[in-house]
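*Asks:* This is input_0.cif (mmCIF, C-alpha atoms and all ligand atoms).
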```cif
data_target
loop_
_atom_site.label_atom_id
_atom_site.label_comp_id
_atom_site.auth_asym_id
_atom_site.auth_seq_id
_atom_site.Cartn_x
_atom_site.Cartn_y
_atom_site.Cartn_z
CA MET A 620 0.00 0.00 0.00
CA GLU A 621 1.27 3.49 -0.86
CA THR A 622 2.51 5.37 2.23
CA GLU A 623 2.89 9.12 2.82
CA ASN A 624 4.24 11.04 5.83
CA VAL A 625 2.45 14.20 6.92
CA LYS A 626 3.02 16.55 9.80
CA VAL A 627 -0.56 17.51 10.65
CA LEU A 628 -3.54 15.56 9.45
CA ILE A 629 -6.99 17.13 9.83
CA ILE A 630 -10.01 14.90 9.34
CA GLY A 631 -13.24 16.71 8.53
CA SER A 632 -14.27 19.77 6.56
CA GLY A 633 -16.83 21.60 8.68
CA PRO A 634 -16.09 24.90 10.46
CA ALA A 635 -13.87 23.09 13.02
CA GLY A 636 -11.73 21.34 10.39
CA TYR A 637 -11.33 24.42 8.18
CA THR A 638 -10.53 26.71 11.10
CA ALA A 639 -7.89 24.25 12.32
CA ALA A 640 -6.56 24.23 8.74
CA ILE A 641 -6.39 28.03 8.52
CA TYR A 642 -4.47 28.27 11.80
CA THR A 643 -2.08 25.35 11.23
CA SER A 644 -1.27 26.41 7.67
CA ARG A 645 -0.59 30.00 8.79
CA ALA A 646 1.72 28.48 11.42
CA ASN A 647 3.56 26.75 8.58
CA LEU A 648 2.65 23.23 9.74
CA GLN A 649 1.67 22.14 6.18
CA PRO A 650 -1.61 20.49 7.14
CA VAL A 651 -3.30 17.92 4.97
CA LEU A 652 -7.11 17.94 5.31
CA TYR A 653 -9.38 15.10 4.24
CA GLU A 654 -12.92 16.24 3.57
CA GLY A 655 -14.69 13.03 4.55
CA ILE A 656 -18.13 11.74 3.57
CA GLU A 657 -19.90 15.11 3.65
CA PRO A 658 -17.58 17.82 2.27
CA GLY A 659 -18.38 21.06 4.07
CA GLY A 660 -20.19 19.25 6.88
CA GLN A 661 -23.64 19.81 8.30
CA LEU A 662 -23.84 23.46 7.21
CA THR A 663 -24.16 22.34 3.62
CA THR A 664 -27.56 20.87 4.53
CA THR A 665 -28.94 24.15 5.83
CA THR A 666 -30.00 27.14 3.79
CA GLU A 667 -29.07 30.52 5.16
CA VAL A 668 -26.76 31.09 8.13
CA GLU A 669 -27.67 34.31 9.90
CA ASN A 670 -25.93 33.86 13.25
CA PHE A 671 -22.26 33.59 12.24
CA PRO A 672 -20.62 36.89 13.19
CA GLY A 673 -19.21 38.84 10.27
CA TYR A 674 -22.05 38.16 7.84
CA PRO A 675 -24.53 40.94 8.64
CA ASP A 676 -26.77 40.00 5.72
CA GLY A 677 -26.55 36.24 6.33
CA VAL A 678 -24.79 33.75 4.11
CA ASP A 679 -25.77 30.56 2.36
CA GLY A 680 -24.36 27.56 4.30
CA ASN A 681 -22.68 26.15 1.21
CA GLN A 682 -21.17 29.53 0.37
CA MET A 683 -19.79 29.92 3.88
CA MET A 684 -18.10 26.53 3.70
CA ALA A 685 -16.72 27.32 0.24
CA ASP A 686 -15.30 30.58 1.69
CA MET A 687 -13.69 28.74 4.61
CA ARG A 688 -12.20 26.23 2.21
CA ARG A 689 -10.77 29.00 0.03
CA GLN A 690 -9.30 30.68 3.10
CA ALA A 691 -7.60 27.43 4.18
CA GLU A 692 -6.28 26.90 0.63
CA ARG A 693 -4.94 30.45 0.49
CA PHE A 694 -2.47 29.63 3.27
CA GLY A 695 -1.47 26.35 1.68
CA THR A 696 -3.67 23.66 3.24
CA ASP A 697 -3.56 20.54 1.10
CA ILE A 698 -7.30 19.75 0.86
CA ARG A 699 -8.17 16.34 -0.49
CA SER A 700 -11.36 14.41 -1.04
CA GLY A 701 -11.34 11.02 0.59
CA VAL A 702 -12.63 9.16 3.58
CA ILE A 703 -10.52 7.78 6.40
CA THR A 704 -11.43 4.11 6.64
CA GLN A 705 -9.02 2.92 9.36
CA ALA A 706 -7.05 4.55 12.16
CA ASP A 707 -4.32 3.16 14.39
CA LEU A 708 -3.45 5.56 17.18
CA SER A 709 -1.41 3.05 19.19
CA GLN A 710 1.93 4.21 17.80
CA ARG A 711 3.53 7.42 16.60
CA PRO A 712 3.41 8.53 13.89
CA PHE A 713 -0.32 7.75 13.87
CA ARG A 714 -1.40 5.61 10.96
CA VAL A 715 -4.60 6.09 9.02
CA VAL A 716 -5.84 4.54 5.82
CA VAL A 717 -7.65 6.63 3.20
CA ASP A 718 -10.36 5.00 1.09
CA GLY A 719 -8.85 1.61 1.94
CA THR A 720 -6.01 2.24 -0.49
CA LYS A 721 -3.38 4.56 0.96
CA GLU A 722 -1.64 4.81 4.32
CA LEU A 723 -0.79 8.17 5.90
CA ARG A 724 1.58 8.54 8.83
CA ALA A 725 0.84 11.69 10.80
CA GLU A 726 2.84 13.33 13.57
CA ALA A 727 -0.30 15.00 14.88
CA LEU A 728 -3.96 14.44 14.25
CA ILE A 729 -6.90 16.84 14.52
CA ILE A 730 -10.23 15.04 14.49
CA ALA A 731 -13.11 17.23 13.32
CA THR A 732 -15.42 14.56 11.94
CA GLY A 733 -18.53 16.18 13.42
CA ALA A 734 -21.82 14.65 14.31
CA SER A 735 -24.82 13.75 12.24
CA ALA A 736 -28.38 14.53 13.23
CA LYS A 737 -30.62 11.51 13.42
CA TYR A 738 -33.58 11.42 11.09
CA LEU A 739 -36.65 9.19 11.16
CA GLY A 740 -35.74 7.59 7.85
CA LEU A 741 -38.93 8.42 5.93
CA PRO A 742 -38.49 8.99 2.18
CA SER A 743 -40.75 12.07 2.38
CA GLU A 744 -38.51 13.48 5.11
CA THR A 745 -35.45 13.12 2.86
CA LYS A 746 -37.32 14.66 -0.05
CA PHE A 747 -38.08 17.88 1.86
CA ARG A 748 -34.75 18.18 3.68
CA GLY A 749 -33.76 21.86 3.45
CA GLN A 750 -37.28 22.70 2.20
CA GLY A 751 -39.06 22.64 5.52
CA VAL A 752 -37.37 19.61 7.11
CA SER A 753 -34.55 20.63 9.42
CA ALA A 754 -32.62 19.18 12.33
CA CYS A 755 -31.63 22.54 13.78
CA ALA A 756 -34.20 24.99 15.14
CA THR A 757 -31.53 27.50 16.15
CA CYS A 758 -30.27 27.54 12.55
CA ASP A 759 -33.55 27.54 10.66
CA GLY A 760 -36.33 28.54 13.09
CA PHE A 761 -36.18 32.16 12.07
CA PHE A 762 -37.50 31.30 8.60
CA TYR A 763 -40.77 30.08 10.15
CA ARG A 764 -41.77 33.25 11.97
CA LYS A 765 -45.55 33.40 12.56
CA LYS A 766 -45.98 30.00 10.89
CA ASP A 767 -46.97 26.60 12.30
CA VAL A 768 -44.27 24.00 12.84
CA ALA A 769 -43.68 20.62 14.47
CA VAL A 770 -40.79 19.27 16.50
CA VAL A 771 -40.21 15.53 16.85
CA GLY A 772 -38.68 14.17 20.07
CA GLY A 773 -39.22 14.16 23.80
CA GLY A 774 -35.75 14.94 25.17
CA ASP A 775 -34.14 18.17 26.34
CA THR A 776 -33.23 19.22 22.80
CA ALA A 777 -36.80 18.77 21.55
CA CYS A 778 -38.21 20.75 24.50
CA GLU A 779 -35.60 23.47 24.12
CA GLU A 780 -36.21 23.73 20.38
CA ALA A 781 -39.99 23.70 20.83
CA THR A 782 -39.82 26.59 23.34
CA TYR A 783 -37.42 28.49 21.10
CA LEU A 784 -39.70 28.01 18.10
CA ALA A 785 -42.75 28.96 20.17
CA SER A 786 -41.22 32.42 20.63
CA LEU A 787 -41.12 32.87 16.85
CA CYS A 788 -43.91 30.74 15.44
CA ARG A 789 -47.68 30.82 15.75
CA GLN A 790 -48.17 27.20 16.79
CA VAL A 791 -45.72 24.44 17.67
CA TYR A 792 -46.67 20.75 17.80
CA LEU A 793 -44.33 18.56 19.82
CA ILE A 794 -44.59 15.00 18.48
CA VAL A 795 -43.62 12.49 21.18
CA ARG A 796 -43.72 8.76 20.60
CA LYS A 797 -44.11 7.84 24.31
CA PRO A 798 -46.84 8.89 26.79
CA PHE A 799 -44.26 11.04 28.61
CA LEU A 800 -41.33 13.38 27.97
CA ARG A 801 -37.80 12.22 28.67
CA ALA A 802 -36.58 15.81 29.20
CA SER A 803 -35.67 17.24 32.61
CA LYS A 804 -38.61 18.35 34.76
CA ALA A 805 -37.69 22.04 34.40
CA MET A 806 -37.62 21.75 30.61
CA GLN A 807 -40.94 19.85 30.59
CA GLN A 808 -42.53 22.55 32.74
CA ARG A 809 -41.37 25.21 30.32
CA VAL A 810 -43.07 23.34 27.50
CA PHE A 811 -46.33 22.83 29.44
CA ASP A 812 -46.32 26.52 30.45
CA THR A 813 -46.03 27.72 26.85
CA PRO A 814 -49.53 28.26 25.50
CA ASN A 815 -48.69 27.85 21.81
CA ILE A 816 -47.04 24.41 22.21
CA GLU A 817 -49.34 21.43 21.85
CA VAL A 818 -47.75 18.16 22.96
CA LEU A 819 -48.98 15.19 20.96
CA PHE A 820 -48.08 12.18 23.12
CA GLU A 821 -47.97 8.68 21.67
CA HIS A 822 -47.80 10.00 18.11
CA ASN A 823 -45.50 8.84 15.34
CA THR A 824 -44.97 10.48 11.98
CA VAL A 825 -46.20 8.40 9.06
CA GLU A 826 -45.30 10.91 6.37
CA VAL A 827 -44.16 14.47 5.84
CA LEU A 828 -46.52 16.13 3.37
CA GLY A 829 -45.56 18.81 0.89
CA ASP A 830 -45.59 20.27 -2.58
CA ASP A 831 -43.27 22.36 -4.77
CA SER A 832 -43.17 25.07 -2.11
CA GLY A 833 -41.88 22.65 0.53
CA VAL A 834 -43.47 21.13 3.63
CA THR A 835 -47.21 21.70 4.08
CA GLY A 836 -48.10 19.15 6.75
CA ALA A 837 -47.50 15.82 8.43
CA LEU A 838 -49.58 12.68 8.73
CA LEU A 839 -49.39 11.30 12.27
CA ARG A 840 -50.56 8.03 13.77
CA LYS A 841 -51.39 7.62 17.43
CA THR A 842 -50.54 4.40 19.28
CA ASP A 843 -54.29 3.51 19.29
CA GLY A 844 -54.22 3.54 15.49
CA THR A 845 -56.05 6.84 14.90
CA GLU A 846 -54.56 9.13 12.28
CA ARG A 847 -54.41 12.89 12.12
CA THR A 848 -52.98 15.46 9.71
CA ILE A 849 -51.41 18.66 11.00
CA ASP A 850 -50.82 21.69 8.77
CA ILE A 851 -47.25 22.91 9.21
CA SER A 852 -44.53 24.65 7.19
CA GLY A 853 -41.58 23.39 9.21
CA PHE A 854 -40.78 19.87 10.47
CA PHE A 855 -37.91 19.84 12.96
CA LEU A 856 -36.12 16.68 14.09
CA ALA A 857 -34.74 16.66 17.62
CA ILE A 858 -34.22 12.96 18.18
CA GLY A 859 -30.51 13.09 18.91
CA HIS A 860 -27.20 13.14 17.07
CA HIS A 861 -24.53 10.50 16.32
CA PRO A 862 -20.97 11.68 16.80
CA ASN A 863 -18.83 10.37 13.94
CA THR A 864 -16.33 8.49 16.10
CA GLU A 865 -16.74 4.85 15.05
CA LEU A 866 -13.16 4.81 13.72
CA PHE A 867 -11.72 5.72 17.10
CA ALA A 868 -13.81 3.54 19.42
CA GLY A 869 -11.56 1.47 21.66
CA GLN A 870 -8.64 3.86 21.06
CA LEU A 871 -9.83 7.27 22.22
CA GLU A 872 -11.75 7.89 25.39
CA LEU A 873 -15.39 8.50 24.44
CA ASP A 874 -18.34 9.42 26.64
CA ALA A 875 -21.43 7.24 26.97
CA GLU A 876 -22.92 8.73 23.76
CA GLY A 877 -19.71 8.27 21.79
CA TYR A 878 -18.44 11.88 21.86
CA ILE A 879 -14.66 12.26 22.22
CA ARG A 880 -13.62 13.28 25.71
CA THR A 881 -11.12 16.12 25.90
CA GLU A 882 -9.25 17.67 28.77
CA PRO A 883 -11.52 20.52 29.97
CA GLY A 884 -10.80 23.81 28.23
CA THR A 885 -8.54 22.17 25.62
CA SER A 886 -8.78 19.94 22.57
CA LYS A 887 -6.46 17.29 24.03
CA THR A 888 -7.70 13.71 23.95
CA ASN A 889 -6.31 10.90 26.10
CA ILE A 890 -3.66 10.28 23.41
CA GLU A 891 -0.90 12.87 23.20
CA GLY A 892 -0.79 14.39 19.73
CA VAL A 893 -4.45 13.63 18.95
CA PHE A 894 -6.79 16.61 19.22
CA ALA A 895 -10.55 16.87 18.78
CA ALA A 896 -12.57 19.87 17.64
CA GLY A 897 -16.17 20.73 16.85
CA ASP A 898 -19.32 18.66 17.20
CA VAL A 899 -17.39 15.39 17.51
CA LYS A 900 -16.59 16.46 21.08
CA ASP A 901 -19.52 18.79 21.77
CA PRO A 902 -22.99 17.37 22.46
CA HIS A 903 -24.22 20.68 23.88
CA TYR A 904 -23.64 23.78 21.75
CA ARG A 905 -23.27 22.43 18.20
CA GLN A 906 -23.01 25.86 16.55
CA ALA A 907 -20.86 26.79 13.55
CA VAL A 908 -19.18 29.52 15.56
CA THR A 909 -18.41 27.29 18.56
CA ALA A 910 -17.06 24.60 16.20
CA ALA A 911 -14.84 27.18 14.50
CA GLY A 912 -13.59 28.36 17.89
CA SER A 913 -12.76 24.84 18.92
CA GLY A 914 -10.91 24.28 15.61
CA CYS A 915 -8.74 27.25 16.52
CA ILE A 916 -8.06 25.76 19.97
CA ALA A 917 -7.08 22.41 18.40
CA ALA A 918 -4.68 24.12 15.99
CA LEU A 919 -2.98 26.05 18.81
CA ASP A 920 -2.76 22.92 21.00
CA CYS A 921 -1.35 21.02 18.04
CA GLU A 922 1.23 23.71 17.30
CA ARG A 923 2.43 23.66 20.93
CA PHE A 924 2.62 19.86 20.86
CA LEU A 925 4.79 19.88 17.72
CA LEU A 926 7.08 22.56 19.14
CA LYS A 927 7.86 20.37 22.16
P1 LIG A 1001 -32.14 12.34 23.83
O1 LIG A 1001 -31.51 11.07 23.41
O2 LIG A 1001 -32.14 12.72 25.26
O3 LIG A 1001 -33.67 12.33 23.38
C1 LIG A 1001 -34.05 11.89 22.13
C2 LIG A 1001 -35.56 11.96 22.05
O4 LIG A 1001 -35.93 11.60 20.73
C3 LIG A 1001 -36.26 10.99 22.99
O5 LIG A 1001 -37.44 11.55 23.49
C4 LIG A 1001 -36.57 9.81 22.08
O6 LIG A 1001 -37.73 9.12 22.43
C5 LIG A 1001 -36.86 10.52 20.78
N1 LIG A 1001 -36.63 9.65 19.64
C6 LIG A 1001 -35.51 8.96 19.33
N2 LIG A 1001 -35.68 8.28 18.19
C7 LIG A 1001 -36.95 8.53 17.78
C8 LIG A 1001 -37.73 8.12 16.68
N3 LIG A 1001 -37.23 7.31 15.75
N4 LIG A 1001 -38.99 8.59 16.58
C9 LIG A 1001 -39.50 9.44 17.49
N5 LIG A 1001 -38.82 9.87 18.57
C10 LIG A 1001 -37.55 9.42 18.70
O7 LIG A 1001 -31.47 13.45 22.89
P2 LIG A 1001 -31.36 15.03 23.09
O8 LIG A 1001 -30.74 15.54 21.85
O9 LIG A 1001 -32.66 15.60 23.51
O10 LIG A 1001 -30.34 15.21 24.29
C11 LIG A 1001 -29.00 14.69 24.21
C12 LIG A 1001 -28.29 14.99 25.53
O11 LIG A 1001 -28.04 16.39 25.65
C13 LIG A 1001 -29.14 14.62 26.76
O12 LIG A 1001 -28.28 14.15 27.75
C14 LIG A 1001 -29.76 15.92 27.16
O13 LIG A 1001 -30.10 15.95 28.54
C15 LIG A 1001 -28.65 16.91 26.82
N6 LIG A 1001 -29.21 18.25 26.55
C16 LIG A 1001 -29.28 19.13 27.58
C17 LIG A 1001 -29.80 20.39 27.39
C18 LIG A 1001 -29.84 21.31 28.54
O14 LIG A 1001 -29.57 20.90 29.65
N7 LIG A 1001 -30.13 22.56 28.31
C19 LIG A 1001 -30.30 20.83 26.09
C20 LIG A 1001 -30.22 19.82 25.08
C21 LIG A 1001 -29.70 18.58 25.32
P3 LIG A 1001 -37.81 8.11 23.68
O15 LIG A 1001 -37.87 8.99 24.90
O16 LIG A 1001 -39.06 7.38 23.39
O17 LIG A 1001 -36.58 7.26 23.61
#
```
Here is the file; what I need is its structure written in the form of structure tokens.
*Replies:*
Amino acid sequence: METENVKVLIIGSGPAGYTAAIYTSRANLQPVLYEGIEPGGQLTTTTEVENFPGYPDGVDGNQMMADMRRQAERFGTDIRSGVITQADLSQRPFRVVVDGTKELRAEALIIATGASAKYLGLPSETKFRGQGVSACATCDGFFYRKKDVAVVGGGDTACEEATYLASLCRQVYLIVRKPFLRASKAMQQRVFDTPNIEVLFEHNTVEVLGDDSGVTGALLRKTDGTERTIDISGFFLAIGHHPNTELFAGQLELDAEGYIRTEPGTSKTNIEGVFAAGDVKDPHYRQAVTAAGSGCIAALDCERFLLK
């Protein structure tokens, strides 16, 4: 198998990966960045980004990622398409295999593989993704001002997103498959105290309905078999995220949900020379700007490690 030595290898091309690339290339560490399965990351599945500082008029998610990529390239980051299919962190340099065909040996590794929102898996949900179907109320809620929307899920995220959306939208339906909410009591109370949230317990989504303009409704089925259609323009999933850490299980310390554990306030994992940035280590904030900030932290930690 072909082998190549690199100084800094960055895996992932969301805001965390590109920010780490901008910083490490400006520090002359000649980073190589592999884009992974979803070049540009989760922001390429959203429409407009209005909450990233520096874009007063908002920016299309794809455009923002293209800009970050260009900025990383400008300072010499070697950006490549390809997916890391194996990783061996037991020895230095770290060894990873790209697309099953090429081995890279890296002195330092920055993991920015992100997380993926879970979806229900309905074909109609896939069809309207980005046209009314979203997995991020903070990102997309603003586009549904004064409209009716639904949130699926019964955890803290679903309750938080439902209350957030209730402050913008006319009516919010919270679709919960069980007869109770899993969220903390305080969060549940907030939902029950919000007059424009209707909690639909024991309901599952059969289909997301829509036309050329996007989502127009959802067909729901209650556990007792009765069906109901709700008229909505936005369908928000809040049923959890998967961190993309399968490659590192058994090697890096992960939390119970599979997120990479880092030393508090840093990007350092339990293996010296391996750093984590962005959603792959952050189950809480999951914002483009926080991911970018953590990419910067990883680059600075990495630079200090290589100087030692
Ligand atoms: P959770 O795993 O806690 O909740 C997921 C919810 O989605 C559950 O209600 C689950 O239902 C439901 N669900 C899962 N799959 C399906 C499906 N196929 N169809 C319908 N419903 C489904 O995820 P969260 O993202 O809410 O939270 C993740 C972690 O982050 C938690 O530890 C949470 O406490 C924490 N968090 C804390 C916040 C805070 O403190 N402010 C804010 C947000 C998150 P069921 O209950 O039936 O399994």
*Asks:* So how far away is CA of Tyr783 in chain A from CA of Arg764 in chain A, in Å?
*Replies:*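 Atom-to-atom, CA of Arg764 in chain A to CA of Tyr783 in chain A, that is 11.2 Å.
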*Asks:* Could you check the closest approach to Thr824 in chain A for each of A:Ala837, A:Val715, A:Val627, A:Ala731 and tell me which residue wins, using all atoms listed in the file?
*Replies:* A:Ala837
*Asks:* Using only C-alpha atoms, determine which residues lie at most 10 Å from Tyr642 in chain A, disregarding the query and same-chain residues fewer than 3 positions distant; provide the list as an MDAnalysis selection string.
*Replies:* chainID A and resid 637:639 645:648 650 691 694 696 914:919 922
*Asks:* Using all atoms listed in the file, determine which residues fall within 10 Å of ligand LIG 1001 (chain A), then list them as a PDB file with C-alpha atoms, in the coordinates of the input.
*Replies:*
```pdb
ATOM      1  CA  ALA A 736     -28.380  14.530  13.230  1.00  0.00           C
ATOM      2  CA  LYS A 737     -30.620  11.510  13.420  1.00  0.00           C
ATOM      3  CA  TYR A 738     -33.580  11.420  11.090  1.00  0.00           C
ATOM      4  CA  LEU A 739     -36.650   9.190  11.160  1.00  0.00           C
ATOM      5  CA  GLY A 740     -35.740   7.590   7.850  1.00  0.00           C
ATOM      6  CA  VAL A 770     -40.790  19.270  16.500  1.00  0.00           C
ATOM      7  CA  VAL A 771     -40.210  15.530  16.850  1.00  0.00           C
ATOM      8  CA  GLY A 772     -38.680  14.170  20.070  1.00  0.00           C
ATOM      9  CA  GLY A 773     -39.220  14.160  23.800  1.00  0.00           C
ATOM     10  CA  GLY A 774     -35.750  14.940  25.170  1.00  0.00           C
ATOM     11  CA  ASP A 775     -34.140  18.170  26.340  1.00  0.00           C
ATOM     12  CA  THR A 776     -33.230  19.220  22.800  1.00  0.00           C
ATOM     13  CA  ALA A 777     -36.800  18.770  21.550  1.00  0.00           C
ATOM     14  CA  CYS A 778     -38.210  20.750  24.500  1.00  0.00           C
ATOM     15  CA  GLU A 779     -35.600  23.470  24.120  1.00  0.00           C
ATOM     16  CA  GLU A 780     -36.210  23.730  20.380  1.00  0.00           C
ATOM     17  CA  ILE A 794     -44.590  15.000  18.480  1.00  0.00           C
ATOM     18  CA  VAL A 795     -43.620  12.490  21.180  1.00  0.00           C
ATOM     19  CA  ARG A 796     -43.720   8.760  20.600  1.00  0.00           C
ATOM     20  CA  LYS A 797     -44.110   7.840  24.310  1.00  0.00           C
ATOM     21  CA  PRO A 798     -46.840   8.890  26.790  1.00  0.00           C
ATOM     22  CA  PHE A 799     -44.260  11.040  28.610  1.00  0.00           C
ATOM     23  CA  LEU A 800     -41.330  13.380  27.970  1.00  0.00           C
ATOM     24  CA  ARG A 801     -37.800  12.220  28.670  1.00  0.00           C
ATOM     25  CA  ALA A 802     -36.580  15.810  29.200  1.00  0.00           C
ATOM     26  CA  SER A 803     -35.670  17.240  32.610  1.00  0.00           C
ATOM     27  CA  ALA A 805     -37.690  22.040  34.400  1.00  0.00           C
ATOM     28  CA  MET A 806     -37.620  21.750  30.610  1.00  0.00           C
ATOM     29  CA  GLU A 821     -47.970   8.680  21.670  1.00  0.00           C
ATOM     30  CA  HIS A 822     -47.800  10.000  18.110  1.00  0.00           C
ATOM     31  CA  ASN A 823     -45.500   8.840  15.340  1.00  0.00           C
ATOM     32  CA  THR A 824     -44.970  10.480  11.980  1.00  0.00           C
ATOM     33  CA  LEU A 856     -36.120  16.680  14.090  1.00  0.00           C
ATOM     34  CA  ALA A 857     -34.740  16.660  17.620  1.00  0.00           C
ATOM     35  CA  ILE A 858     -34.220  12.960  18.180  1.00  0.00           C
ATOM     36  CA  GLY A 859     -30.510  13.090  18.910  1.00  0.00           C
ATOM     37  CA  HIS A 860     -27.200  13.140  17.070  1.00  0.00           C
ATOM     38  CA  HIS A 861     -24.530  10.500  16.320  1.00  0.00           C
ATOM     39  CA  ALA A 875     -21.430   7.240  26.970  1.00  0.00           C
ATOM     40  CA  GLU A 876     -22.920   8.730  23.760  1.00  0.00           C
ATOM     41  CA  ASP A 901     -19.520  18.790  21.770  1.00  0.00           C
ATOM     42  CA  PRO A 902     -22.990  17.370  22.460  1.00  0.00           C
ATOM     43  CA  HIS A 903     -24.220  20.680  23.880  1.00  0.00           C
ATOM     44  CA  TYR A 904     -23.640  23.780  21.750  1.00  0.00           C
TER      45      TYR A 904
END
```
*Asks:* Skipping near chain neighbours, those fewer than 2 positions away, what residues fall within 10 Å of Thr663 in chain A using only C-alpha atoms, listed as a list in words?
*Replies:* Gly633, Glu657, Pro658, Gly659, Gly660, Gln661, Thr665, Thr666, Glu667, Asp679, Gly680, Asn681, Gln682, Met683, Met684, Ala685 and Gly749 of chain A
*Asks:* In Å, how far is it from CA of Ser913 in chain A to CA of Ala725 in chain A?
*Replies:* 20.6 Å
*Asks:* To box range 702-705 of chain A, take all atoms listed in the file, fit an axis-aligned box, add 3 Å on each side, and give centre and edge lengths in Å to one decimal, as lines of an AutoDock Vina configuration file.
*Replies:*
```
center_x = -10.8
center_y = 6.0
center_z = 6.5
size_x = 9.6
size_y = 12.2
size_z = 11.8
```
*Asks:* So what do you get for CA of Leu662 in chain A versus CA of Cys758 in chain A, distance-wise?
*Replies:* 9.3 Å
*Asks:* Could you tell me which of A:Gly829, A:Gly636, A:Gly655, A:Pro675 comes closest to Val752 in chain A if we count only C-alpha atoms?
*Replies:*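 Result for the nearest residue to Val752 in chain A: A:Gly829.
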*Asks:* Taking all atoms listed in the file into account, which of A:Leu926, A:Leu819, A:Leu728, A:Ile849 comes nearest Leu708 in chain A?
*Replies:*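 Selected residue with least distance to Leu708 in chain A: A:Leu728.
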*Asks:* Of the candidates A:Phe747, A:Cys755, A:Phe855, A:Pro862, which one gets nearest to Val791 in chain A if we count all atoms listed in the file?
*Replies:*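 Result for the nearest residue to Val791 in chain A: A:Phe855.
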*Asks:* Could you give me, as a list in words, the residues that have an atom at most 6 Å away from the point (-50.9, 29.2, 16.5) in the coordinates of the file, using only C-alpha atoms?
*Replies:*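 Protein, DNA and RNA residues close to (-50.9, 29.2, 16.5): Arg789, Gln790 and Asn815 of chain A.
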